[in-house]
$ cat my_file01.pdb   # PDB, C-alpha atoms and all ligand atoms
MODEL        1
ATOM      1  CA  MET O  21       9.875  63.444  20.963  1.00  0.00           C
ATOM      2  CA  LEU O  22      10.665  60.564  18.634  1.00  0.00           C
ATOM      3  CA  ARG O  23       9.879  57.218  20.289  1.00  0.00           C
ATOM      4  CA  LEU O  24      11.906  54.062  19.778  1.00  0.00           C
ATOM      5  CA  GLY O  25      10.093  50.742  19.606  1.00  0.00           C
ATOM      6  CA  VAL O  26      12.435  47.777  19.852  1.00  0.00           C
ATOM      7  CA  ASN O  27      11.430  44.653  17.934  1.00  0.00           C
ATOM      8  CA  ILE O  28      12.625  41.533  19.773  1.00  0.00           C
ATOM      9  CA  ASP O  29      11.536  38.902  17.202  1.00  0.00           C
ATOM     10  CA  HIS O  30      15.043  37.773  16.388  1.00  0.00           C
ATOM     11  CA  VAL O  31      15.916  36.925  19.974  1.00  0.00           C
ATOM     12  CA  ALA O  32      13.232  34.278  19.493  1.00  0.00           C
ATOM     13  CA  THR O  33      14.770  33.320  16.131  1.00  0.00           C
ATOM     14  CA  VAL O  34      18.016  32.400  17.904  1.00  0.00           C
ATOM     15  CA  ARG O  35      16.139  30.517  20.635  1.00  0.00           C
ATOM     16  CA  ASN O  36      14.050  28.577  18.137  1.00  0.00           C
ATOM     17  CA  ALA O  37      17.130  27.551  16.134  1.00  0.00           C
ATOM     18  CA  ARG O  38      17.809  25.110  18.980  1.00  0.00           C
ATOM     19  CA  GLY O  39      14.296  24.528  20.277  1.00  0.00           C
ATOM     20  CA  VAL O  40      15.353  25.425  23.811  1.00  0.00           C
ATOM     21  CA  GLY O  41      14.173  28.112  26.264  1.00  0.00           C
ATOM     22  CA  TYR O  42      16.953  30.673  25.768  1.00  0.00           C
ATOM     23  CA  PRO O  43      17.648  33.408  24.836  1.00  0.00           C
ATOM     24  CA  ASP O  44      14.324  34.678  26.178  1.00  0.00           C
ATOM     25  CA  PRO O  45      12.694  37.540  24.190  1.00  0.00           C
ATOM     26  CA  VAL O  46      10.922  38.724  27.354  1.00  0.00           C
ATOM     27  CA  ARG O  47      14.266  39.186  29.098  1.00  0.00           C
ATOM     28  CA  ALA O  48      15.467  41.125  26.038  1.00  0.00           C
ATOM     29  CA  ALA O  49      12.339  43.282  26.111  1.00  0.00           C
ATOM     30  CA  LEU O  50      12.861  44.177  29.776  1.00  0.00           C
ATOM     31  CA  LEU O  51      16.504  44.993  29.103  1.00  0.00           C
ATOM     32  CA  ALA O  52      15.580  47.168  26.109  1.00  0.00           C
ATOM     33  CA  ALA O  53      13.044  49.014  28.270  1.00  0.00           C
ATOM     34  CA  GLU O  54      15.691  49.625  30.916  1.00  0.00           C
ATOM     35  CA  ALA O  55      18.028  51.004  28.221  1.00  0.00           C
ATOM     36  CA  GLY O  56      15.425  53.529  27.066  1.00  0.00           C
ATOM     37  CA  ALA O  57      13.122  51.806  24.581  1.00  0.00           C
ATOM     38  CA  ASP O  58       9.721  53.489  24.587  1.00  0.00           C
ATOM     39  CA  GLY O  59       7.883  50.382  23.440  1.00  0.00           C
ATOM     40  CA  ILE O  60       8.365  46.752  22.468  1.00  0.00           C
ATOM     41  CA  THR O  61       7.275  45.288  19.154  1.00  0.00           C
ATOM     42  CA  ALA O  62       6.732  41.601  18.447  1.00  0.00           C
ATOM     43  CA  HIS O  63       5.419  39.933  15.297  1.00  0.00           C
ATOM     44  CA  LEU O  64       3.407  36.779  15.910  1.00  0.00           C
ATOM     45  CA  ARG O  65       3.676  35.221  12.473  1.00  0.00           C
ATOM     46  CA  GLU O  66       1.172  32.669  11.296  1.00  0.00           C
ATOM     47  CA  ASP O  67       3.933  30.030  11.080  1.00  0.00           C
ATOM     48  CA  ARG O  68       5.316  30.976  14.569  1.00  0.00           C
ATOM     49  CA  ARG O  69       8.840  30.955  13.177  1.00  0.00           C
ATOM     50  CA  HIS O  70      10.086  33.268  15.953  1.00  0.00           C
ATOM     51  CA  ILE O  71       7.654  34.762  18.468  1.00  0.00           C
ATOM     52  CA  THR O  72       5.193  32.251  19.958  1.00  0.00           C
ATOM     53  CA  ASP O  73       1.766  32.592  21.538  1.00  0.00           C
ATOM     54  CA  ASP O  74       3.375  32.043  24.938  1.00  0.00           C
ATOM     55  CA  ASP O  75       5.863  34.888  24.273  1.00  0.00           C
ATOM     56  CA  ILE O  76       2.974  37.254  23.586  1.00  0.00           C
ATOM     57  CA  ALA O  77       1.211  36.200  26.799  1.00  0.00           C
ATOM     58  CA  ARG O  78       4.407  36.696  28.810  1.00  0.00           C
ATOM     59  CA  LEU O  79       5.241  40.029  27.145  1.00  0.00           C
ATOM     60  CA  ALA O  80       1.729  41.318  27.810  1.00  0.00           C
ATOM     61  CA  ALA O  81       2.059  40.331  31.466  1.00  0.00           C
ATOM     62  CA  ALA O  82       5.629  41.532  32.069  1.00  0.00           C
ATOM     63  CA  LEU O  83       5.903  44.852  30.231  1.00  0.00           C
ATOM     64  CA  THR O  84       5.315  48.240  31.793  1.00  0.00           C
ATOM     65  CA  ILE O  85       5.966  50.019  28.475  1.00  0.00           C
ATOM     66  CA  PRO O  86       3.569  49.674  25.502  1.00  0.00           C
ATOM     67  CA  LEU O  87       3.472  46.415  23.543  1.00  0.00           C
ATOM     68  CA  ASN O  88       2.916  46.707  19.805  1.00  0.00           C
ATOM     69  CA  LEU O  89       1.707  43.407  18.315  1.00  0.00           C
ATOM     70  CA  GLU O  90       2.443  43.015  14.626  1.00  0.00           C
ATOM     71  CA  MET O  91      -0.134  40.759  13.034  1.00  0.00           C
ATOM     72  CA  ALA O  92      -1.584  39.621   9.741  1.00  0.00           C
ATOM     73  CA  ALA O  93      -5.226  40.514   9.084  1.00  0.00           C
ATOM     74  CA  THR O  94      -6.637  37.092  10.001  1.00  0.00           C
ATOM     75  CA  ASP O  95      -9.394  36.006  12.379  1.00  0.00           C
ATOM     76  CA  GLU O  96      -6.906  33.931  14.365  1.00  0.00           C
ATOM     77  CA  MET O  97      -4.652  36.953  14.991  1.00  0.00           C
ATOM     78  CA  LEU O  98      -7.635  39.162  15.788  1.00  0.00           C
ATOM     79  CA  GLY O  99      -8.692  36.667  18.480  1.00  0.00           C
ATOM     80  CA  ILE O 100      -5.198  36.643  19.977  1.00  0.00           C
ATOM     81  CA  ALA O 101      -5.004  40.451  19.964  1.00  0.00           C
ATOM     82  CA  LEU O 102      -8.367  40.743  21.694  1.00  0.00           C
ATOM     83  CA  ARG O 103      -7.311  38.168  24.287  1.00  0.00           C
ATOM     84  CA  HIS O 104      -4.080  39.955  25.252  1.00  0.00           C
ATOM     85  CA  ARG O 105      -5.111  43.558  24.533  1.00  0.00           C
ATOM     86  CA  PRO O 106      -1.693  44.992  23.591  1.00  0.00           C
ATOM     87  CA  HIS O 107      -1.428  48.775  23.567  1.00  0.00           C
ATOM     88  CA  ALA O 108      -1.224  48.691  19.764  1.00  0.00           C
ATOM     89  CA  ALA O 109      -1.630  46.302  16.862  1.00  0.00           C
ATOM     90  CA  CYS O 110       0.169  46.911  13.595  1.00  0.00           C
ATOM     91  CA  ILE O 111      -1.463  45.108  10.682  1.00  0.00           C
ATOM     92  CA  VAL O 112       1.155  43.797   8.267  1.00  0.00           C
ATOM     93  CA  PRO O 113       0.977  41.756   5.073  1.00  0.00           C
ATOM     94  CA  GLU O 114       2.287  38.241   5.504  1.00  0.00           C
ATOM     95  CA  LYS O 115       3.485  35.647   3.046  1.00  0.00           C
ATOM     96  CA  ARG O 116       4.645  32.301   4.359  1.00  0.00           C
ATOM     97  CA  GLU O 117       7.733  32.065   2.105  1.00  0.00           C
ATOM     98  CA  GLU O 118       9.084  35.573   2.765  1.00  0.00           C
ATOM     99  CA  VAL O 119      12.098  36.015   5.061  1.00  0.00           C
ATOM    100  CA  THR O 120      10.737  39.325   6.350  1.00  0.00           C
ATOM    101  CA  THR O 121       7.745  41.581   5.697  1.00  0.00           C
ATOM    102  CA  GLU O 122       8.150  42.386   2.013  1.00  0.00           C
ATOM    103  CA  GLY O 123       6.356  45.561   1.040  1.00  0.00           C
ATOM    104  CA  GLY O 124       3.522  47.288   2.802  1.00  0.00           C
ATOM    105  CA  LEU O 125      -0.063  46.278   3.382  1.00  0.00           C
ATOM    106  CA  ASP O 126      -2.317  47.020   0.418  1.00  0.00           C
ATOM    107  CA  ALA O 127      -4.846  48.875   2.564  1.00  0.00           C
ATOM    108  CA  ALA O 128      -6.493  50.321  -0.547  1.00  0.00           C
ATOM    109  CA  GLY O 129      -6.832  46.974  -2.330  1.00  0.00           C
ATOM    110  CA  GLN O 130      -7.962  45.061   0.770  1.00  0.00           C
ATOM    111  CA  PHE O 131     -10.185  47.812   2.076  1.00  0.00           C
ATOM    112  CA  GLU O 132     -13.360  45.738   2.563  1.00  0.00           C
ATOM    113  CA  ARG O 133     -11.533  42.969   4.413  1.00  0.00           C
ATOM    114  CA  LEU O 134      -9.817  45.471   6.706  1.00  0.00           C
ATOM    115  CA  VAL O 135     -12.952  47.375   7.706  1.00  0.00           C
ATOM    116  CA  PRO O 136     -14.191  44.805  10.297  1.00  0.00           C
ATOM    117  CA  MET O 137     -10.628  44.060  11.455  1.00  0.00           C
ATOM    118  CA  VAL O 138      -9.825  47.705  12.236  1.00  0.00           C
ATOM    119  CA  ARG O 139     -13.245  48.177  13.823  1.00  0.00           C
ATOM    120  CA  SER O 140     -12.905  45.112  16.107  1.00  0.00           C
ATOM    121  CA  LEU O 141      -9.401  46.026  17.255  1.00  0.00           C
ATOM    122  CA  ALA O 142     -10.453  49.604  17.978  1.00  0.00           C
ATOM    123  CA  ALA O 143     -13.534  48.397  19.877  1.00  0.00           C
ATOM    124  CA  GLY O 144     -11.148  46.285  21.980  1.00  0.00           C
ATOM    125  CA  GLY O 145      -9.276  49.440  22.981  1.00  0.00           C
ATOM    126  CA  ILE O 146      -6.257  48.595  20.785  1.00  0.00           C
ATOM    127  CA  ARG O 147      -4.572  51.375  18.829  1.00  0.00           C
ATOM    128  CA  VAL O 148      -4.515  50.246  15.212  1.00  0.00           C
ATOM    129  CA  SER O 149      -1.598  50.909  12.936  1.00  0.00           C
ATOM    130  CA  LEU O 150      -1.313  49.939   9.256  1.00  0.00           C
ATOM    131  CA  PHE O 151       2.122  49.101   7.854  1.00  0.00           C
ATOM    132  CA  VAL O 152       2.027  50.725   4.418  1.00  0.00           C
ATOM    133  CA  GLU O 153       4.264  51.954   1.637  1.00  0.00           C
ATOM    134  CA  PRO O 154       4.768  55.747   1.544  1.00  0.00           C
ATOM    135  CA  ASP O 155       2.034  56.191  -1.023  1.00  0.00           C
ATOM    136  CA  ALA O 156      -0.885  58.671  -1.021  1.00  0.00           C
ATOM    137  CA  ARG O 157      -3.359  55.916  -2.013  1.00  0.00           C
ATOM    138  CA  GLN O 158      -2.486  53.920   1.087  1.00  0.00           C
ATOM    139  CA  ILE O 159      -2.655  56.959   3.376  1.00  0.00           C
ATOM    140  CA  ASP O 160      -6.072  57.745   1.943  1.00  0.00           C
ATOM    141  CA  ALA O 161      -7.214  54.161   2.613  1.00  0.00           C
ATOM    142  CA  ALA O 162      -5.925  54.390   6.208  1.00  0.00           C
ATOM    143  CA  LEU O 163      -7.896  57.587   6.640  1.00  0.00           C
ATOM    144  CA  ARG O 164     -11.076  56.012   5.275  1.00  0.00           C
ATOM    145  CA  LEU O 165     -10.529  52.965   7.505  1.00  0.00           C
ATOM    146  CA  GLY O 166     -10.269  55.234  10.549  1.00  0.00           C
ATOM    147  CA  ALA O 167      -6.816  53.921  11.504  1.00  0.00           C
ATOM    148  CA  PRO O 168      -5.227  56.323  14.008  1.00  0.00           C
ATOM    149  CA  VAL O 169      -1.676  55.356  12.998  1.00  0.00           C
ATOM    150  CA  VAL O 170       0.264  54.373   9.876  1.00  0.00           C
ATOM    151  CA  GLU O 171       3.731  52.870   9.958  1.00  0.00           C
ATOM    152  CA  LEU O 172       5.655  53.745   6.805  1.00  0.00           C
ATOM    153  CA  HIS O 173       7.740  50.912   5.348  1.00  0.00           C
ATOM    154  CA  THR O 174      11.364  52.062   5.156  1.00  0.00           C
ATOM    155  CA  GLY O 175      12.653  48.817   3.601  1.00  0.00           C
ATOM    156  CA  ARG O 176      13.000  50.268   0.124  1.00  0.00           C
ATOM    157  CA  TYR O 177      14.787  53.360   1.531  1.00  0.00           C
ATOM    158  CA  ALA O 178      17.208  51.071   3.389  1.00  0.00           C
ATOM    159  CA  ASP O 179      17.932  49.009   0.271  1.00  0.00           C
ATOM    160  CA  LEU O 180      18.557  51.925  -2.100  1.00  0.00           C
ATOM    161  CA  GLU O 181      21.626  54.108  -2.479  1.00  0.00           C
ATOM    162  CA  GLY O 182      22.501  57.613  -3.650  1.00  0.00           C
ATOM    163  CA  GLU O 183      19.867  59.574  -5.540  1.00  0.00           C
ATOM    164  CA  ASP O 184      17.421  56.694  -5.466  1.00  0.00           C
ATOM    165  CA  ARG O 185      17.569  56.696  -1.682  1.00  0.00           C
ATOM    166  CA  GLU O 186      17.061  60.484  -1.644  1.00  0.00           C
ATOM    167  CA  GLY O 187      13.981  60.025  -3.806  1.00  0.00           C
ATOM    168  CA  GLU O 188      12.571  57.384  -1.473  1.00  0.00           C
ATOM    169  CA  LEU O 189      13.284  59.636   1.508  1.00  0.00           C
ATOM    170  CA  ARG O 190      11.216  62.362  -0.160  1.00  0.00           C
ATOM    171  CA  ARG O 191       8.379  59.852  -0.657  1.00  0.00           C
ATOM    172  CA  LEU O 192       8.554  59.012   3.051  1.00  0.00           C
ATOM    173  CA  ALA O 193       8.516  62.693   4.025  1.00  0.00           C
ATOM    174  CA  ASP O 194       5.594  63.463   1.680  1.00  0.00           C
ATOM    175  CA  ALA O 195       3.558  60.503   2.940  1.00  0.00           C
ATOM    176  CA  ALA O 196       4.311  61.471   6.546  1.00  0.00           C
ATOM    177  CA  ALA O 197       3.161  65.056   5.896  1.00  0.00           C
ATOM    178  CA  LEU O 198      -0.035  63.856   4.191  1.00  0.00           C
ATOM    179  CA  ALA O 199      -0.869  61.466   7.039  1.00  0.00           C
ATOM    180  CA  MET O 200      -0.159  64.080   9.681  1.00  0.00           C
ATOM    181  CA  LYS O 201      -2.301  66.660   7.859  1.00  0.00           C
ATOM    182  CA  ASN O 202      -5.163  64.177   8.027  1.00  0.00           C
ATOM    183  CA  GLY O 203      -4.722  63.572  11.747  1.00  0.00           C
ATOM    184  CA  ILE O 204      -2.973  60.189  11.415  1.00  0.00           C
ATOM    185  CA  GLU O 205       0.055  59.558  13.640  1.00  0.00           C
ATOM    186  CA  VAL O 206       3.131  58.475  11.680  1.00  0.00           C
ATOM    187  CA  HIS O 207       5.534  55.700  12.591  1.00  0.00           C
ATOM    188  CA  ALA O 208       8.244  54.182  10.393  1.00  0.00           C
ATOM    189  CA  GLY O 209      10.458  51.148  10.310  1.00  0.00           C
ATOM    190  CA  HIS O 210      12.179  48.248   8.577  1.00  0.00           C
ATOM    191  CA  GLY O 211      15.850  47.858   7.756  1.00  0.00           C
ATOM    192  CA  LEU O 212      16.987  50.791   9.896  1.00  0.00           C
ATOM    193  CA  THR O 213      20.568  50.815  11.208  1.00  0.00           C
ATOM    194  CA  PHE O 214      22.888  53.276  12.971  1.00  0.00           C
ATOM    195  CA  ASP O 215      24.070  54.400   9.512  1.00  0.00           C
ATOM    196  CA  ASN O 216      20.734  55.010   7.807  1.00  0.00           C
ATOM    197  CA  VAL O 217      18.421  56.007  10.679  1.00  0.00           C
ATOM    198  CA  GLY O 218      19.353  59.706  10.705  1.00  0.00           C
ATOM    199  CA  PRO O 219      17.455  60.987   7.657  1.00  0.00           C
ATOM    200  CA  VAL O 220      14.295  59.061   8.629  1.00  0.00           C
ATOM    201  CA  ALA O 221      14.523  60.276  12.233  1.00  0.00           C
ATOM    202  CA  GLY O 222      14.877  63.770  10.783  1.00  0.00           C
ATOM    203  CA  ILE O 223      11.406  63.685   9.185  1.00  0.00           C
ATOM    204  CA  ARG O 224       9.663  65.800  11.758  1.00  0.00           C
ATOM    205  CA  HIS O 225       6.192  64.299  11.321  1.00  0.00           C
ATOM    206  CA  VAL O 226       7.441  60.839  12.288  1.00  0.00           C
ATOM    207  CA  ARG O 227       6.653  60.064  15.939  1.00  0.00           C
ATOM    208  CA  GLU O 228       8.017  56.530  16.353  1.00  0.00           C
ATOM    209  CA  LEU O 229      10.571  54.215  14.781  1.00  0.00           C
ATOM    210  CA  ASN O 230      10.347  50.430  15.125  1.00  0.00           C
ATOM    211  CA  ILE O 231      13.713  48.749  14.821  1.00  0.00           C
ATOM    212  CA  GLY O 232      14.641  45.104  15.319  1.00  0.00           C
ATOM    213  CA  HIS O 233      16.978  42.998  13.224  1.00  0.00           C
ATOM    214  CA  PHE O 234      19.952  45.375  13.250  1.00  0.00           C
ATOM    215  CA  LEU O 235      19.721  46.009  17.005  1.00  0.00           C
ATOM    216  CA  ILE O 236      19.586  42.324  17.872  1.00  0.00           C
ATOM    217  CA  GLY O 237      22.597  41.669  15.618  1.00  0.00           C
ATOM    218  CA  GLU O 238      24.529  44.587  17.110  1.00  0.00           C
ATOM    219  CA  ALA O 239      23.701  43.295  20.589  1.00  0.00           C
ATOM    220  CA  LEU O 240      25.971  40.305  19.890  1.00  0.00           C
ATOM    221  CA  PHE O 241      28.925  42.672  19.899  1.00  0.00           C
ATOM    222  CA  VAL O 242      28.054  45.452  22.333  1.00  0.00           C
ATOM    223  CA  GLY O 243      25.104  44.115  24.322  1.00  0.00           C
ATOM    224  CA  LEU O 244      21.461  45.048  23.808  1.00  0.00           C
ATOM    225  CA  GLY O 245      21.536  47.927  26.281  1.00  0.00           C
ATOM    226  CA  ASP O 246      24.380  49.666  24.471  1.00  0.00           C
ATOM    227  CA  ALA O 247      22.846  49.005  21.054  1.00  0.00           C
ATOM    228  CA  VAL O 248      19.539  50.571  22.154  1.00  0.00           C
ATOM    229  CA  ARG O 249      21.257  53.571  23.746  1.00  0.00           C
ATOM    230  CA  THR O 250      23.383  54.234  20.640  1.00  0.00           C
ATOM    231  CA  MET O 251      20.285  54.057  18.414  1.00  0.00           C
ATOM    232  CA  ARG O 252      18.469  56.465  20.753  1.00  0.00           C
ATOM    233  CA  ASP O 253      21.404  58.880  20.560  1.00  0.00           C
ATOM    234  CA  ALA O 254      21.478  58.672  16.738  1.00  0.00           C
ATOM    235  CA  MET O 255      17.729  59.407  16.612  1.00  0.00           C
ATOM    236  CA  ASP O 256      18.011  62.313  19.043  1.00  0.00           C
ATOM    237  CA  ALA O 257      20.979  63.773  17.163  1.00  0.00           C
ATOM    238  CA  ALA O 258      19.053  63.672  13.864  1.00  0.00           C
ATOM    239  CA  ARG O 259      16.083  65.317  15.486  1.00  0.00           C
ATOM    240  CA  GLY O 260      18.266  68.156  16.747  1.00  0.00           C
TER
HETATM  241  N1  LIG I 301       8.010  47.458  11.486  1.00  0.00           N
HETATM  242  C1  LIG I 301       7.330  46.424  10.973  1.00  0.00           C
HETATM  243  C2  LIG I 301       5.880  46.593  10.702  1.00  0.00           C
HETATM  244  C3  LIG I 301       7.958  45.186  10.712  1.00  0.00           C
HETATM  245  O1  LIG I 301       7.262  44.166  10.178  1.00  0.00           O
HETATM  246  C4  LIG I 301       9.324  45.045  11.042  1.00  0.00           C
HETATM  247  C5  LIG I 301      10.009  43.737  10.841  1.00  0.00           C
HETATM  248  O2  LIG I 301       9.409  42.774  11.640  1.00  0.00           O
HETATM  249  C6  LIG I 301       9.986  46.155  11.596  1.00  0.00           C
HETATM  250  C7  LIG I 301       9.311  47.358  11.790  1.00  0.00           C
HETATM  251  C8  LIG I 301      11.424  46.075  11.999  1.00  0.00           C
HETATM  252  O3  LIG I 301      12.232  45.827  10.918  1.00  0.00           O
HETATM  253  P1  LIG I 301      13.751  45.443  11.161  1.00  0.00           P
HETATM  254  O4  LIG I 301      13.751  44.139  11.910  1.00  0.00           O
HETATM  255  O5  LIG I 301      14.323  45.346   9.792  1.00  0.00           O
HETATM  256  O6  LIG I 301      14.363  46.540  11.983  1.00  0.00           O
ENDMDL
END
$ encode --input "my_file01.pdb" --output "structure tokens"
Amino acid sequence: MLRLGVNIDHVATVRNARGVGYPDPVRAALLAAEAGADGITAHLREDRRHITDDDIARLAAALTIPLNLEMAATDEMLGIALRHRPHAACIVPEKREEVTTEGGLDAAGQFERLVPMVRSLAAGGIRVSLFVEPDARQIDAALRLGAPVVELHTGRYADLEGEDREGELRRLADAAALAMKNGIEVHAGHGLTFDNVGPVAGIRHVRELNIGHFLIGEALFVGLGDAVRTMRDAMDAARG
């Protein structure tokens, strides 16, 4: 079965635009769970532009489905992860000026720095995932780091069109097959919508999709429950 992780960061973006207490990302997470989300993803960015430390504490306390904490590879984030012990931690690259996570983690280039990070998270009972480009070098680094999961960055796929998109889809499928062959579980996400999710959901080695921005936007029109259910249906239809 292909799991759906719902990223609720942008509920917090709307809240923070006014500096008030609503809309509450924890309420959104519980609603998404009720509508069939298999997990909740939240990115605690270093600048706290959306999700806050308090949100993570409340999510960890309230959720009965797995929490996936997206985090930069810093000592501060490691401390927070070990304090709240989410089910999973996805290590992402982070640049302060970017509007969203641009490109995957260079697990190969930052190998030495990631070794103690992956080890500490795993020792804390947290399932480590590395958010990487669909590239054999990065899969190999994940394998050498002992990461049980990779999340393939689908941002480039989402941005491209026509033959270029087909080519990127093949890169995703090849990377997924390579990871799977080496015993690494494969997730994918970034920029996925009702219109482009099908081909990614159809890659049979992919076990989980993490989807946020589009679902939160769609929720404005149809409600979060409906948006999550429609995405689930699109994923299931692609899977056959
Ligand atoms: N996966 C990871 C690792 C991400 O950083 C993000 C964006 O926060 C997503 C998935 C979801 O991307 P989107 O919000 O474009 O659906």
$ resolve_selection --input "my_file01.pdb" --expression "the PyMOL selection byres (((chain O and resi 199) around 10) and not hetatm)" --output "list in words"
Pro154, Ala156, Gln158, Ile159, Asp160, Ala162, Leu163, Pro168, Val169, Val170, Ala193, Asp194, Ala195, Ala196, Ala197, Leu198, Met200, Lys201, Asn202, Gly203, Ile204, Glu205, Val206, His225 and Val226 of chain O
$ residues_around --input "my_file01.pdb" --residues "Pro219 (chain O)" --least-positions-apart "4" --cutoff "9 Å" --atoms "all atoms listed in the file" --output "JSON, numbers by chain"
{"O": [189, 223, 258]}
$ atom_distance --input "my_file01.pdb" --atom1 "CA of Arg252 (chain O)" --atom2 "CA of Thr84 (chain O)"
19.0 Å
$ atom_distance --input "my_file01.pdb" --atom1 "CA of Leu22 (chain O)" --atom2 "CA of Arg139 (chain O)"
27.4 Å
$ closest_atom_pairs --input "my_file01.pdb" --of "chain O" --to "ligand LIG 301 (chain I)" --cutoff "7 Å" --atoms "all atoms listed in the file" --output "Markdown table"
| residue | atom | partner | partner_atom | distance |
| --- | --- | --- | --- | --- |
| O:Asn27 | CA | I:LIG301 | C8 | 6.1 |
| O:His63 | CA | I:LIG301 | O2 | 6.1 |
| O:Glu90 | CA | I:LIG301 | C2 | 6.3 |
| O:Cys110 | CA | I:LIG301 | C2 | 6.4 |
| O:Val112 | CA | I:LIG301 | C2 | 6.0 |
| O:Thr120 | CA | I:LIG301 | C5 | 6.3 |
| O:Thr121 | CA | I:LIG301 | O1 | 5.2 |
| O:Phe151 | CA | I:LIG301 | C2 | 5.3 |
| O:Glu171 | CA | I:LIG301 | C2 | 6.7 |
| O:Ala208 | CA | I:LIG301 | N1 | 6.8 |
| O:Gly209 | CA | I:LIG301 | C7 | 4.2 |
| O:His210 | CA | I:LIG301 | O3 | 3.4 |
| O:Gly211 | CA | I:LIG301 | O5 | 3.6 |
| O:Leu212 | CA | I:LIG301 | O6 | 5.4 |
| O:Asn230 | CA | I:LIG301 | C7 | 4.7 |
| O:Ile231 | CA | I:LIG301 | O6 | 3.7 |
| O:Gly232 | CA | I:LIG301 | O6 | 3.6 |
| O:His233 | CA | I:LIG301 | O4 | 3.7 |
| O:Phe234 | CA | I:LIG301 | O6 | 5.8 |
$ atom_distance --input "my_file01.pdb" --atom1 "CA of Val31 (chain O)" --atom2 "CA of Ala178 (chain O)"
21.8 Å
$ decode --input "my_file01.pdb" --residues "region 204-239 of chain O" --atoms "C-alpha atoms" --output "compact mmCIF listing (two decimals), in the first residue's frame"
# COMPACT_ATOMS: atom_id res chain seq x y z
CA ILE O 204 16.22 1.14 1.59
CA GLU O 205 12.54 2.12 1.83
CA VAL O 206 11.55 4.75 -0.74
CA HIS O 207 9.39 7.79 -0.14
CA ALA O 208 8.86 10.75 -2.48
CA GLY O 209 7.51 14.25 -2.37
CA HIS O 210 7.57 17.94 -3.22
CA GLY O 211 5.33 19.83 -5.61
CA LEU O 212 2.82 17.00 -6.02
CA THR O 213 -0.76 17.86 -7.02
CA PHE O 214 -3.89 15.98 -8.13
CA ASP O 215 -2.69 16.42 -11.73
CA ASN O 216 0.89 15.19 -11.42
CA VAL O 217 0.73 12.65 -8.58
CA GLY O 218 -0.35 9.68 -10.73
CA PRO O 219 2.93 8.77 -12.45
CA VAL O 220 4.90 9.07 -9.19
CA ALA O 221 2.32 7.02 -7.30
CA GLY O 222 2.64 4.47 -10.09
CA ILE O 223 6.32 3.78 -9.32
CA ARG O 224 5.81 0.53 -7.50
CA HIS O 225 8.89 0.76 -5.27
CA VAL O 226 7.64 3.99 -3.69
CA ARG O 227 5.99 3.33 -0.32
CA GLU O 228 5.01 6.83 0.83
CA LEU O 229 4.28 10.25 -0.62
CA ASN O 230 4.59 13.44 1.45
CA ILE O 231 2.37 16.21 0.17
CA GLY O 232 1.69 19.63 1.67
CA HIS O 233 1.43 22.94 -0.14
CA PHE O 234 -1.08 21.88 -2.79
CA LEU O 235 -3.36 20.13 -0.28
CA ILE O 236 -3.46 23.10 2.07
CA GLY O 237 -4.26 25.41 -0.86
CA GLU O 238 -6.96 23.07 -2.15
CA ALA O 239 -8.43 22.90 1.35
